[in-house]
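Here is the structure we will look at.
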Amino acid sequence: MAGRGADDGKRDAGVTRHSPDPSTVSPDAERSAFLRAKDALRSASGLPGAPFPATRASITVGRVKPTLLLNVLALLALTASARAEIVFEPDLEYAHPGNESLKLNLARPKDAASPLPAIVCIHGGGFRAGDRKGWDGRCKMLAERGYVAVTVEYRLAPKHQFPAAVEDCKAAVRWLRLNAEKYHVDPDRIGVTGDSAGGHLALFLGVTGDVHDFDGDQNPGPSSRVNCVVDFYGPSDLTKSYGRSVDAAEVLPLFLGGDVEHERKRHILASPLFWVTPNAAPTLLIHGSEDKYVNYEQAGWMFQRLMESQVETELLPLVGAGHGFKGEDAKKAEAAMVAWLDRHLKK
């Protein structure tokens with residue numbers, strides 16, 4: 001987490017960032033940013049498994065592209081800005097694996113003059129539960145900001161084990177590309193986000209864009225590659241969830257057909273961490289330091305692996321937050337998500 005390679009990690013007031021294309025500003029501005037960051041990082045330095053040394057060399061502020069922090073602050077400062085009128089279309093079938101009809105809910109601006117970026121949203125629920133409707137509100141918010149956003153259901157454990165859920169989420173990405181003209185989607189600008197198990201699936205899509213082993217047989221033809229990822233507290237290494245998560249021993253055997261002692265290979269195959277290459281999508285990781293269900297270290301391991309692979313990545317630790325964000329933590333996380341999506345999909 002704390003190491004730096006050829007391209008230094010950058011940490012802005014609690015936001016740990018790495019980009020292979022850094023730029024700097026004046027010494028005075030840099031020092032001001034450093035002093036603000038130093039105070040914030042000092043309070044964050046006690047995060048489990050993830051020291052954050054406030055070294056001045058690690059602080060830079062983007063001149064060409066605003067930093068995530070500045071984007072977040074700008075979004076938090078928004079008041080009654082104009083938002084697009086939207087259309088919400090629930091219960092659209094996007095795939096039919098076996099005898100199961102899989103549906104999504106779609107939100108989009110009512111009047112689109114040109115193709116729009118799209119977001120696939122994936123719900124959590126320990127791979128065995130959850131409902132796509134939990135993301136309806138955020139899909140509508142994203143539509144108001146100029147996105148076509150879908151929240152998808154997927155096949156659940158224990159009836160359907162890995163990689164069924166991955167195949168379904170990839171099929172949803174391809175469905176957007178196949179229906180791009182109908183829903184005014186730009187097929188070259190598709191991102192993915194999710195929380196908990198959905199965060200894991202979002203990470204998995206981000207690191208397996210060129211891997212066809214998990215394509216399944218639905219919506220063949222288009223690519224399932226995504227342009228960027230926002231992960232809300234998803235696990236990255238399932239082999240290390242046991243003993244660190246309060247329900248891993250109950251949940252993961254249902255998803256993987258056994259515990260790590262009996263199905264270790266499947267745990268490795270199902271872990272996004274082990275699929276990271278330099279071709280992975282730019283990834284924002286948002287995680288609470290007090291998460292009892294998905295330990296904060298999971299975000300640290302993924303951040304480190306992405307950084308070592310020269311993939312653009314940022315880690316936003318929410319100090320004191322647990323599994324599922326509330327109040328100000330939820331606002332910060334949502335603002336960070338929108339800023340990251342805007343940066344990578346509204347170029």
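Just so we're on the same page: first chain in the structure tokens is A, next is B, and so on; residues restart at 1 for each chain, and ligands are numbered from 1 in the order they show up.
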
Inset, instruction - Name the residues of segment 67-307 of chain A that come out as helix (DSSP H, G or I) in a backbone DSSP run; write them as a PyMOL selection string. - result: chain A and resi 68-77+132-144+164-178+180-183+197-207+238-240+248-256+264-269+272-275+297-307

Residues of segment 109-191 of chain A at most 6 Å from segment 213-228 of chain A: nearest atom pair and distance in Å, only C-alpha atoms, as CSV:
residue,atom,partner,partner_atom,distance
A:Glu167,CA,A:Gly216,CA,5.2
A:Lys170,CA,A:Ser224,CA,5.3
A:Ala171,CA,A:Gln218,CA,5.8
A:Val173,CA,A:Ser224,CA,5.4
A:Arg174,CA,A:Ser224,CA,5.4
A:Ile190,CA,A:Val226,CA,5.4
A:Gly191,CA,A:Cys228,CA,4.8

File dump, residues just selected, N, CA and C atoms, as an mmCIF file, in the first residue's frame:
data_model
loop_
_atom_site.group_PDB
_atom_site.id
_atom_site.type_symbol
_atom_site.label_atom_id
_atom_site.label_comp_id
_atom_site.auth_asym_id
_atom_site.auth_seq_id
_atom_site.Cartn_x
_atom_site.Cartn_y
_atom_site.Cartn_z
ATOM 1 N N GLU A 167 -20.925 -14.425 -15.500
ATOM 2 C CA GLU A 167 -21.445 -14.552 -16.859
ATOM 3 C C GLU A 167 -22.647 -13.638 -17.080
ATOM 4 N N LYS A 170 -21.541 -9.931 -17.342
ATOM 5 C CA LYS A 170 -20.930 -9.703 -18.645
ATOM 6 C C LYS A 170 -21.995 -9.668 -19.745
ATOM 7 N N ALA A 171 -23.012 -10.515 -19.615
ATOM 8 C CA ALA A 171 -24.106 -10.504 -20.584
ATOM 9 C C ALA A 171 -24.849 -9.172 -20.560
ATOM 10 N N VAL A 173 -23.506 -6.211 -19.891
ATOM 11 C CA VAL A 173 -22.672 -5.252 -20.629
ATOM 12 C C VAL A 173 -22.876 -5.437 -22.129
ATOM 13 N N ARG A 174 -22.880 -6.676 -22.574
ATOM 14 C CA ARG A 174 -23.075 -6.936 -24.012
ATOM 15 C C ARG A 174 -24.484 -6.535 -24.466
ATOM 16 N N ILE A 190 -18.673 2.524 -21.400
ATOM 17 C CA ILE A 190 -19.487 1.773 -20.440
ATOM 18 C C ILE A 190 -18.667 1.500 -19.182
ATOM 19 N N GLY A 191 -19.210 1.889 -18.044
ATOM 20 C CA GLY A 191 -18.566 1.624 -16.758
ATOM 21 C C GLY A 191 -19.393 0.659 -15.932
#

Inset, instruction - Could you give me, as a list of chain:residue names, each residue of segment 122-275 of chain A that DSSP assigns to strand (DSSP E) when run on this structure's backbone? - result: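 Matching residues, listed in order: A:Ile122, A:Val148, A:Ala149, A:Val150, A:Thr151, A:Val152, A:Val185, A:Asp186, A:Pro187, A:Asp188, A:Arg189, A:Ile190, A:Gly191, A:Val192, A:Thr193, A:Gly194, A:Asp195, A:Cys228, A:Val229, A:Val230, A:Asp231, A:Phe232.
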
Inset, instruction - For Arg155 of chain A, please output as JSON, numbers by chain all residues within 12 Å (counting only C-alpha atoms; exclusion window: fewer than 6 positions along the same chain). - result: {"A": [95, 96, 97, 98, 99, 100, 101, 102, 103, 122, 123, 125, 127, 128, 129, 130, 131, 132, 161, 162, 163, 164, 165, 166, 167, 168, 169, 171, 255]}

Please dump the current selection as a short mmCIF file (atom, residue, chain, number, x, y, z; two decimals), in the first residue's frame; keep N, CA and C atoms.
data_model
loop_
_atom_site.label_atom_id
_atom_site.label_comp_id
_atom_site.auth_asym_id
_atom_site.auth_seq_id
_atom_site.Cartn_x
_atom_site.Cartn_y
_atom_site.Cartn_z
N ALA A 95 -31.29 -11.27 -20.49
CA ALA A 95 -30.70 -12.58 -20.75
C ALA A 95 -31.68 -13.65 -20.29
N HIS A 96 -31.47 -14.88 -20.80
CA HIS A 96 -32.35 -15.99 -20.45
C HIS A 96 -31.54 -17.28 -20.40
N PRO A 97 -30.61 -17.35 -19.43
CA PRO A 97 -29.80 -18.57 -19.32
C PRO A 97 -30.63 -19.72 -18.75
N GLY A 98 -30.57 -20.87 -19.41
CA GLY A 98 -31.39 -21.98 -18.94
C GLY A 98 -32.86 -21.60 -19.03
N ASN A 99 -33.55 -21.75 -17.94
CA ASN A 99 -34.98 -21.40 -17.91
C ASN A 99 -35.25 -20.16 -17.07
N GLU A 100 -34.22 -19.38 -16.80
CA GLU A 100 -34.38 -18.20 -15.95
C GLU A 100 -34.37 -16.93 -16.78
N SER A 101 -35.34 -16.07 -16.52
CA SER A 101 -35.40 -14.77 -17.15
C SER A 101 -34.71 -13.76 -16.25
N LEU A 102 -33.64 -13.16 -16.75
CA LEU A 102 -32.90 -12.16 -15.99
C LEU A 102 -33.29 -10.77 -16.48
N LYS A 103 -33.58 -9.88 -15.52
CA LYS A 103 -34.09 -8.57 -15.88
C LYS A 103 -33.21 -7.45 -15.30
N ILE A 122 -24.46 -3.21 -9.98
CA ILE A 122 -24.61 -4.59 -9.53
C ILE A 122 -24.84 -4.62 -8.01
N HIS A 123 -25.95 -5.18 -7.60
CA HIS A 123 -26.31 -5.20 -6.18
C HIS A 123 -25.49 -6.21 -5.40
N GLY A 125 -25.28 -8.71 -1.62
CA GLY A 125 -26.14 -9.70 -0.98
C GLY A 125 -25.46 -11.03 -0.76
N PHE A 127 -23.74 -12.92 -2.71
CA PHE A 127 -23.87 -13.85 -3.84
C PHE A 127 -25.10 -14.75 -3.74
N ARG A 128 -25.89 -14.60 -2.69
CA ARG A 128 -27.03 -15.50 -2.47
C ARG A 128 -28.34 -14.76 -2.26
N ALA A 129 -28.29 -13.44 -2.21
CA ALA A 129 -29.48 -12.65 -1.95
C ALA A 129 -29.31 -11.27 -2.59
N GLY A 130 -30.21 -10.35 -2.25
CA GLY A 130 -30.13 -9.01 -2.79
C GLY A 130 -31.13 -8.78 -3.91
N ASP A 131 -31.33 -7.51 -4.26
CA ASP A 131 -32.34 -7.13 -5.24
C ASP A 131 -31.82 -5.96 -6.06
N ARG A 132 -32.00 -6.05 -7.37
CA ARG A 132 -31.53 -4.97 -8.24
C ARG A 132 -32.19 -3.64 -7.90
N GLN A 161 -23.70 -21.46 -8.82
CA GLN A 161 -22.39 -21.13 -8.25
C GLN A 161 -21.54 -20.39 -9.28
N PHE A 162 -20.39 -19.90 -8.81
CA PHE A 162 -19.42 -19.26 -9.70
C PHE A 162 -19.13 -20.17 -10.88
N PRO A 163 -19.09 -19.66 -12.11
CA PRO A 163 -19.06 -18.25 -12.51
C PRO A 163 -20.39 -17.72 -13.04
N ALA A 164 -21.54 -18.31 -12.66
CA ALA A 164 -22.82 -17.88 -13.22
C ALA A 164 -23.06 -16.39 -13.07
N ALA A 165 -22.82 -15.84 -11.88
CA ALA A 165 -23.06 -14.42 -11.65
C ALA A 165 -22.17 -13.55 -12.55
N VAL A 166 -20.91 -13.96 -12.72
CA VAL A 166 -20.00 -13.23 -13.60
C VAL A 166 -20.51 -13.26 -15.03
N GLU A 167 -20.93 -14.43 -15.50
CA GLU A 167 -21.44 -14.55 -16.86
C GLU A 167 -22.65 -13.64 -17.08
N ASP A 168 -23.51 -13.54 -16.07
CA ASP A 168 -24.71 -12.71 -16.21
C ASP A 168 -24.34 -11.23 -16.31
N CYS A 169 -23.42 -10.79 -15.48
CA CYS A 169 -23.03 -9.37 -15.51
C CYS A 169 -22.34 -9.02 -16.83
N ALA A 171 -23.01 -10.51 -19.62
CA ALA A 171 -24.11 -10.50 -20.58
C ALA A 171 -24.85 -9.17 -20.56
N PHE A 255 -21.22 -20.20 -2.68
CA PHE A 255 -20.88 -19.60 -3.97
C PHE A 255 -19.86 -20.43 -4.73
#

Legend entry - Option closest in space to Lys140 of chain A, from A:His287, A:Lys331, A:Arg189, A:Arg83 [counting only C-alpha atoms]: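 Result for the nearest residue to Lys140 of chain A: A:Arg83.
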
Legend entry - Selection: 10 Å around Pro117 of chain A, only C-alpha atoms, excl. self and same-chain fewer than 5 positions, as a count of residues only: 18

Inset, instruction - Work out how far atom CA of Ala330 of chain A is from atom CA of Gly198 of chain A, in Å to one decimal. - result: 16.6 Å

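Across the model, the gap from atom CA of Leu142 of chain A to atom CA of Asn279 of chain A is 26.3 Å.
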
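For Val207 of chain A, the non-local neighbours within 7 Å, defined as residues at least 2 positions apart in the same chain or in other chains and counting only C-alpha atoms, are Leu203, Phe204, Leu205, Gly209, Pro272, Trp275, Val276, Thr277, Ala280 and Ala281 of chain A.
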
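Note that atom CA of Leu254 of chain A and atom CA of Ala157 of chain A are 5.9 Å apart.
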